[in-house]
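> Submitted below is the structure of interest, expressed as structure tokens.
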Amino acid sequence: MVQGYIFITGGVLSSVGKGIVTSSLGLLLKSRGFHVEAIKIDPYINVDAGTMNPFAHGEVFVTEDGGETDLDLGHYERFMNINLSKKHNITTGQIYMSVINKERRGDYLGQTVQVIPHVTNEIKERIRNLAKERNVDFMIVEIGGTVGDIEGLPFLEAVRQMRLEEGPSRTFFIHVALAPILSTTGEQKTKPVQHSVQELRRIGIQPDAVIVRTQRPLEAEARRKIALYATLPEDHVLSNHDLDTVYRVPLILEEQGLPKLILRKFGMKDPGADLSEWEDFVERLMKASKPVKIAMIGKYTKLRDSYISIIEALKHAGAYLGLKPVLKWIEATEIERGKISLDFIDEVDAAIVLPGFGSRGVEGKIASLQRLRESKTPTLGICFGMQLAAVEFARNVLGLKDAHSQEINPNTPHPVIHLLPGQERTKMLGGTMRLGASPIRIIKGTLAYELYGREIVYERHRHRYELNNKYVDLFEEHGLKVSGWSPEGLAEFIELDRRIHPFYFGTQPHTEYKSRPLSPGPVFVGFLKAAARLNG
Ligand code: GLN
């Protein structure tokens, strides 16, 4: 039975760390033996994150069931070590689409369809249905954006009503807000937090706890002031200060007693938590000191959040191996423009050619891949990176001049990467790629098999193009082997024969999505090992 709902709101500005607080709290409750999951609400009108530019919103995270979701779901999955679904990311677009469909069907016949109650009911229903369907003890609901945003209002109204309907002992509101420090005086300023709490109250929500994002631990005086203005006991105001790693946030929230406060409100005893595995992980992560330099070659390199799951997967693998990945970001377009010479490859231990869409930076990536292949530098190509590795190989080893992906050149004489079956007729771009997890059969005796140590693995996809099977024999004759296949016969992994190259691996699925702190993604572990020249 659902014991309670915990709502997380944000104040002062976005990116204040609500996602990490949500994930951390999830971990703390899960470590107490509760079944807890989290929902992210995104008040934008897009139906999902799939059609948004990663430059603006960061990575599109893909769930097991093929949802294209907000990157916060990635944090939730990593911290809580659970698989979520597309239903765990609710957007304004989904809500309105459903309300409008119902209206057209006649479900509201005779009524004037309005934000209150129709839209708010739809929101509440989705939250409750999912909590029931997944049979959770607690559902944490993070409301994206900042209190006071126009588009967030229907969601805040819905959760305000939920407090009333569920009763105060089944709901807990946490407000996360920023207390900036003025560089001139070094003072921790609490006014923005006070104001955002007031804004929250104005719409009828009194927070049960305030978590203050700040550069250094919250000072006693600042805590006292915030508690006073938020009408809260002082121990309900918590510090979420800058740390060496976000993976430490659960530990400082535990120290400050957050789960206790919540359980007390819900009338439950705190069974206590065993966080030793997590502490070990944080310890290993921080101790991992042997640097491995990795070139990250892509086109969204200005916003690191575009590749957040890959960065995190490298950290997980690094903590596991005692290695510290040092990332050198390479903007592929600058290679094309001659602003960056390919010599950067001589200065790194390994390289990742990153996922992506469209033609910008493609030739820069292909040129890098050639040099990486020829210089025997450990290389990982992910999704688009894998596809371009095949293009490079076709052009420069097989001698197929002008070989390309049809995504970039639909008229190429050698479409080594072509549209997936069924995609030709797809006109709608939202949610129509090959999405989500599916089984991959790995061929024994390959690098892929060495990495996974298993014949069947499940990894998540997000792509529209694939390796053209017409060329597979030719590729294999020249040493580029397909080492993993989907049941339908789509190439999932490609690799260079180990006699030719120590680690040249391309993966069509995004294996980064399933990497977790306590179970790092095997591809990233193998890649880092190769980068650090560790044997075995
Ligand atoms: N653009 C490529 C495709 O659609 C690769 C996508 C990706 O890297 N996620 O197949």
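Naming works like this for the structure tokens: A, B, ... for the chains as they're shown, residue 1 at the start of each chain, ligands 1 onward in shown order.
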Could you produce a table of the residues of chain A lying within 9 Å of ligand 1, with the nearest pair of atoms per residue and their separation in Å rounded to one decimal, using only C-alpha atoms and all ligand atoms, ordered by chain and increasing residue number, as CSV?


```
residue,atom,partner,partner_atom_place_in_ligand_line,distance
A:Leu354,CA,ligand 1,8 (O),7.2
A:Pro355,CA,ligand 1,8 (O),3.5
A:Gly356,CA,ligand 1,8 (O),4.0
A:Phe357,CA,ligand 1,1 (N),3.9
A:Gly358,CA,ligand 1,1 (N),6.3
A:Ile382,CA,ligand 1,8 (O),6.6
A:Cys383,CA,ligand 1,8 (O),4.1
A:Phe384,CA,ligand 1,8 (O),3.7
A:Gly385,CA,ligand 1,8 (O),6.7
A:Met386,CA,ligand 1,8 (O),8.3
A:Gln387,CA,ligand 1,5 (C),7.3
A:Ser405,CA,ligand 1,2 (C),8.7
A:Glu407,CA,ligand 1,1 (N),6.9
A:Ile408,CA,ligand 1,1 (N),8.8
A:Ile417,CA,ligand 1,10 (O),8.4
A:His418,CA,ligand 1,10 (O),8.4
A:Leu419,CA,ligand 1,10 (O),7.7
A:Leu420,CA,ligand 1,10 (O),8.2
A:Met433,CA,ligand 1,4 (O),7.3
A:Arg434,CA,ligand 1,10 (O),8.6
A:His461,CA,ligand 1,9 (N),7.6
A:Arg462,CA,ligand 1,9 (N),5.1
A:His463,CA,ligand 1,10 (O),3.7
A:Arg464,CA,ligand 1,4 (O),3.8
A:Tyr465,CA,ligand 1,10 (O),3.6
A:Glu466,CA,ligand 1,10 (O),6.0
A:Gln508,CA,ligand 1,8 (O),7.9
A:Pro509,CA,ligand 1,9 (N),8.1
A:His510,CA,ligand 1,9 (N),7.4
```

> Could you turn the residues from that selection into a file that holds C-alpha atoms, as a PDB file, in the first residue's frame?


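Now in out-v2.pdb:
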```
ATOM      1  CA  LEU A 354      29.979  10.428 -28.788  1.00  0.00           C
ATOM      2  CA  PRO A 355      26.367   9.884 -29.894  1.00  0.00           C
ATOM      3  CA  GLY A 356      24.603  12.474 -31.984  1.00  0.00           C
ATOM      4  CA  PHE A 357      22.397  13.413 -34.893  1.00  0.00           C
ATOM      5  CA  GLY A 358      22.866  15.363 -38.103  1.00  0.00           C
ATOM      6  CA  ILE A 382      28.690   5.034 -29.024  1.00  0.00           C
ATOM      7  CA  CYS A 383      25.646   4.935 -31.315  1.00  0.00           C
ATOM      8  CA  PHE A 384      26.456   7.605 -33.911  1.00  0.00           C
ATOM      9  CA  GLY A 385      30.107   7.093 -32.950  1.00  0.00           C
ATOM     10  CA  MET A 386      29.793   3.405 -33.821  1.00  0.00           C
ATOM     11  CA  GLN A 387      28.060   4.201 -37.101  1.00  0.00           C
ATOM     12  CA  SER A 405      25.359   7.062 -43.446  1.00  0.00           C
ATOM     13  CA  GLU A 407      21.299  10.150 -42.455  1.00  0.00           C
ATOM     14  CA  ILE A 408      24.016  12.487 -43.717  1.00  0.00           C
ATOM     15  CA  ILE A 417      24.635   2.880 -42.486  1.00  0.00           C
ATOM     16  CA  HIS A 418      21.027   2.953 -43.628  1.00  0.00           C
ATOM     17  CA  LEU A 419      17.534   3.464 -42.290  1.00  0.00           C
ATOM     18  CA  LEU A 420      16.182   0.835 -39.950  1.00  0.00           C
ATOM     19  CA  MET A 433      13.077   5.821 -33.264  1.00  0.00           C
ATOM     20  CA  ARG A 434      14.114   2.338 -32.217  1.00  0.00           C
ATOM     21  CA  HIS A 461      18.608   1.958 -27.886  1.00  0.00           C
ATOM     22  CA  ARG A 462      17.790   5.306 -29.410  1.00  0.00           C
ATOM     23  CA  HIS A 463      18.462   5.453 -33.110  1.00  0.00           C
ATOM     24  CA  ARG A 464      16.888   5.529 -36.552  1.00  0.00           C
ATOM     25  CA  TYR A 465      19.782   4.194 -38.647  1.00  0.00           C
ATOM     26  CA  GLU A 466      21.712   0.941 -38.484  1.00  0.00           C
ATOM     27  CA  GLN A 508      24.801   0.733 -31.286  1.00  0.00           C
ATOM     28  CA  PRO A 509      22.941   0.747 -27.952  1.00  0.00           C
ATOM     29  CA  HIS A 510      23.735   3.379 -25.371  1.00  0.00           C
TER      30      HIS A 510
END
```

> Could you pull out all residues of range 277-374 of chain A with a DSSP call of strand (DSSP E or B) and give them as a ChimeraX atom specification?

/A:290-298,323-331,350-353

> Could those selected residues go to a file with N, CA and C atoms, as a compact mmCIF listing (two decimals), in the first residue's frame?


```
# COMPACT_ATOMS: atom_id res chain seq x y z
N LYS A 290 44.67 7.30 -10.16
CA LYS A 290 45.50 7.16 -11.37
C LYS A 290 44.75 7.78 -12.56
N PRO A 291 45.28 8.87 -13.10
CA PRO A 291 44.54 9.54 -14.17
C PRO A 291 44.60 8.77 -15.49
N VAL A 292 43.46 8.74 -16.18
CA VAL A 292 43.45 8.27 -17.57
C VAL A 292 42.83 9.40 -18.40
N LYS A 293 43.56 9.82 -19.40
CA LYS A 293 43.09 10.95 -20.20
C LYS A 293 42.23 10.44 -21.34
N ILE A 294 41.04 10.97 -21.41
CA ILE A 294 40.11 10.50 -22.44
C ILE A 294 39.60 11.67 -23.26
N ALA A 295 39.76 11.56 -24.56
CA ALA A 295 39.19 12.58 -25.45
C ALA A 295 37.71 12.26 -25.65
N MET A 296 36.88 13.26 -25.48
CA MET A 296 35.44 13.10 -25.67
C MET A 296 35.10 13.90 -26.93
N ILE A 297 34.84 13.18 -28.02
CA ILE A 297 34.69 13.85 -29.31
C ILE A 297 33.21 13.91 -29.67
N GLY A 298 32.69 15.12 -29.76
CA GLY A 298 31.27 15.25 -30.03
C GLY A 298 30.93 16.65 -30.51
N LEU A 323 40.70 4.12 -11.10
CA LEU A 323 41.21 5.06 -12.11
C LEU A 323 40.39 6.35 -12.08
N LYS A 324 41.05 7.43 -12.44
CA LYS A 324 40.36 8.72 -12.45
C LYS A 324 40.30 9.22 -13.90
N PRO A 325 39.13 9.10 -14.52
CA PRO A 325 39.04 9.58 -15.91
C PRO A 325 39.17 11.11 -15.96
N VAL A 326 40.08 11.57 -16.78
CA VAL A 326 40.24 13.02 -16.97
C VAL A 326 39.78 13.31 -18.39
N LEU A 327 38.71 14.08 -18.51
CA LEU A 327 38.08 14.22 -19.82
C LEU A 327 38.57 15.46 -20.54
N LYS A 328 38.90 15.25 -21.81
CA LYS A 328 39.32 16.37 -22.64
C LYS A 328 38.27 16.49 -23.75
N TRP A 329 37.54 17.60 -23.71
CA TRP A 329 36.41 17.74 -24.64
C TRP A 329 36.87 18.27 -25.97
N ILE A 330 36.50 17.56 -27.03
CA ILE A 330 36.91 17.95 -28.38
C ILE A 330 35.65 18.23 -29.20
N GLU A 331 35.55 19.44 -29.66
CA GLU A 331 34.40 19.84 -30.49
C GLU A 331 34.71 19.43 -31.93
N ALA A 350 42.93 7.42 -24.50
CA ALA A 350 41.82 6.75 -25.18
C ALA A 350 40.82 7.81 -25.63
N ALA A 351 39.84 7.40 -26.43
CA ALA A 351 38.86 8.37 -26.91
C ALA A 351 37.48 7.74 -27.02
N ILE A 352 36.48 8.60 -26.81
CA ILE A 352 35.10 8.18 -27.05
C ILE A 352 34.53 9.07 -28.15
N VAL A 353 33.98 8.44 -29.18
CA VAL A 353 33.26 9.23 -30.18
C VAL A 353 31.79 9.15 -29.79
```

> Neighbouring residues of Val193 in chain A were defined as those with any atom within 7 Å, considering only C-alpha atoms; residues of the same chain fewer than 5 positions away were excluded. Please report them as an mmCIF file with N, CA and C atoms, in the first residue's frame.


```cif
data_model
loop_
_atom_site.group_PDB
_atom_site.id
_atom_site.type_symbol
_atom_site.label_atom_id
_atom_site.label_comp_id
_atom_site.auth_asym_id
_atom_site.auth_seq_id
_atom_site.Cartn_x
_atom_site.Cartn_y
_atom_site.Cartn_z
ATOM 1 N N GLY A 11 13.187 26.475 -5.779
ATOM 2 C CA GLY A 11 13.055 27.924 -5.735
ATOM 3 C C GLY A 11 14.323 28.646 -6.109
ATOM 4 N N VAL A 12 14.163 29.899 -6.464
ATOM 5 C CA VAL A 12 15.224 30.857 -6.800
ATOM 6 C C VAL A 12 15.719 30.674 -8.226
ATOM 7 N N ALA A 177 16.020 25.320 -2.374
ATOM 8 C CA ALA A 177 16.261 26.668 -2.899
ATOM 9 C C ALA A 177 17.686 27.112 -2.619
ATOM 10 N N LEU A 178 18.091 28.117 -3.357
ATOM 11 C CA LEU A 178 19.492 28.552 -3.324
ATOM 12 C C LEU A 178 19.722 29.721 -2.366
ATOM 13 N N ALA A 179 20.771 29.587 -1.553
ATOM 14 C CA ALA A 179 21.239 30.722 -0.758
ATOM 15 C C ALA A 179 22.603 31.137 -1.306
#
```

> Counting only C-alpha atoms, figure out which residue out of A:Arg454, A:Arg360, A:Arg213, A:Lys102 gets nearest to Ser15 in chain A.

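Of A:Arg454, A:Arg360, A:Arg213, A:Lys102, the one nearest Ser15 in chain A, counting only C-alpha atoms, is A:Arg213.
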
> Which residues are close to range 214-224 of chain A, i.e. within 9 Å by only C-alpha atoms, leaving aside same-chain residues fewer than 6 positions away? Reply as a list of chain:residue names.

A:Ala177, A:Leu178, A:Ala179, A:Pro180, A:Ile181, A:Gln188, A:Lys189, A:Thr190, A:Pro233, A:Glu234, A:Asp235, A:Val237, A:Leu238, A:Ser239, A:Asn240, A:His241, A:Asp242, A:Leu243

> Just the alpha helix (DSSP H) stuff from range 196-275 of chain A, please, per backbone DSSP, written as an MDAnalysis selection string.

chainID A and resid 196:202 220:230 249:255 258:265

> Give me the residues near Gly50 in chain A as a compact mmCIF listing (two decimals) with C-alpha atoms, in the first residue's frame, where near means some atom within 10 Å (using only C-alpha atoms) and where sequence neighbours in that chain fewer than 4 positions away do not count.


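That gives us part36.txt:
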```
# COMPACT_ATOMS: atom_id res chain seq x y z
CA ASN A 46 6.72 18.79 -25.38
CA PRO A 54 20.43 18.36 -25.85
CA GLU A 59 20.85 14.49 -22.40
CA VAL A 60 17.70 12.64 -23.34
CA PHE A 61 17.59 9.68 -20.97
CA VAL A 62 16.07 6.47 -22.30
CA GLY A 67 10.68 6.40 -22.88
CA GLU A 68 12.68 9.44 -24.00
CA THR A 69 12.84 11.26 -20.72
CA ASP A 70 14.43 14.03 -18.74
CA LEU A 429 9.66 12.43 -35.45
CA GLY A 430 8.52 12.21 -31.79
CA GLY A 431 9.00 8.80 -30.20
CA THR A 432 9.47 6.98 -33.50
CA MET A 433 13.08 5.82 -33.26
CA ARG A 462 17.79 5.31 -29.41
```

> Between A:Ile310, A:Val141, A:Ala403, A:Leu73, which one has atoms that come closest to Lys86 in chain A, using only C-alpha atoms?

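Using only C-alpha atoms, the shortest distance to Lys86 in chain A belongs to A:Leu73.
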
> Which residues of range 200-285 of chain A sit at most 10 Å from range 24-29 of chain A, using only C-alpha atoms? Give each one's shortest atom pair and distance in Å (one decimal place), in chain and ascending residue order, as CSV.


```
residue,atom,partner,partner_atom,distance
A:Val246,CA,A:Ser24,CA,9.2
A:Tyr247,CA,A:Ser24,CA,8.1
A:Arg248,CA,A:Ser24,CA,8.8
A:Val249,CA,A:Ser24,CA,6.4
A:Pro250,CA,A:Ser24,CA,4.5
A:Leu251,CA,A:Ser24,CA,8.2
A:Ile252,CA,A:Ser24,CA,9.6
A:Leu253,CA,A:Leu25,CA,7.8
A:Glu254,CA,A:Leu28,CA,7.1
A:Leu258,CA,A:Leu25,CA,7.9
A:Pro259,CA,A:Leu29,CA,6.7
A:Lys260,CA,A:Leu29,CA,9.8
A:Ile262,CA,A:Leu29,CA,9.7
A:Leu263,CA,A:Leu29,CA,9.4
A:Asp270,CA,A:Leu29,CA,9.7
A:Pro271,CA,A:Leu29,CA,9.9
A:Gly272,CA,A:Leu29,CA,9.2
A:Ala273,CA,A:Leu28,CA,7.1
A:Asp274,CA,A:Leu28,CA,9.0
A:Leu275,CA,A:Leu28,CA,8.0
A:Trp278,CA,A:Leu27,CA,9.3
```

> Need the shell around Val115 in chain A: protein/DNA/RNA residues with any atom at most 8 Å away, counting only C-alpha atoms. Skip same-chain ones fewer than 4 positions apart. Format as a list in words?

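The residues satisfying every condition are Val119, Thr120 and Pro154 of chain A.
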
> If you count only C-alpha atoms, which residues fall within 12 Å of Pro117 in chain A, apart from same-chain ones fewer than 4 positions away, as a ChimeraX atom specification?

/A:99,108,111-113,121-125,154-155,157-158,161

> Check the smallest atom-to-atom distance from each of A:Arg134, A:Arg163, A:His478, A:Lys191 to Ile82 in chain A using only C-alpha atoms, then report the winner.

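Residue with the minimum atom-to-atom distance to Ile82 in chain A: A:Arg134.
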
> Just give me the gap between CA of Ser23 in chain A and CA of Val136 in chain A in Å, one decimal is fine.

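Separating CA of Ser23 in chain A from CA of Val136 in chain A is a distance of 15.3 Å.
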
> Find, counting only C-alpha atoms, the residue in A:Glu103, A:Asp149, A:Glu283, A:Asp65 that gets nearest to Ser196 in chain A.

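Ranking A:Glu103, A:Asp149, A:Glu283, A:Asp65 by distance to Ser196 in chain A, first place goes to A:Asp149.
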
> To one decimal in Å, tell me the separation between CA of Gly106 in chain A and CA of Leu130 in chain A.

24.6 Å
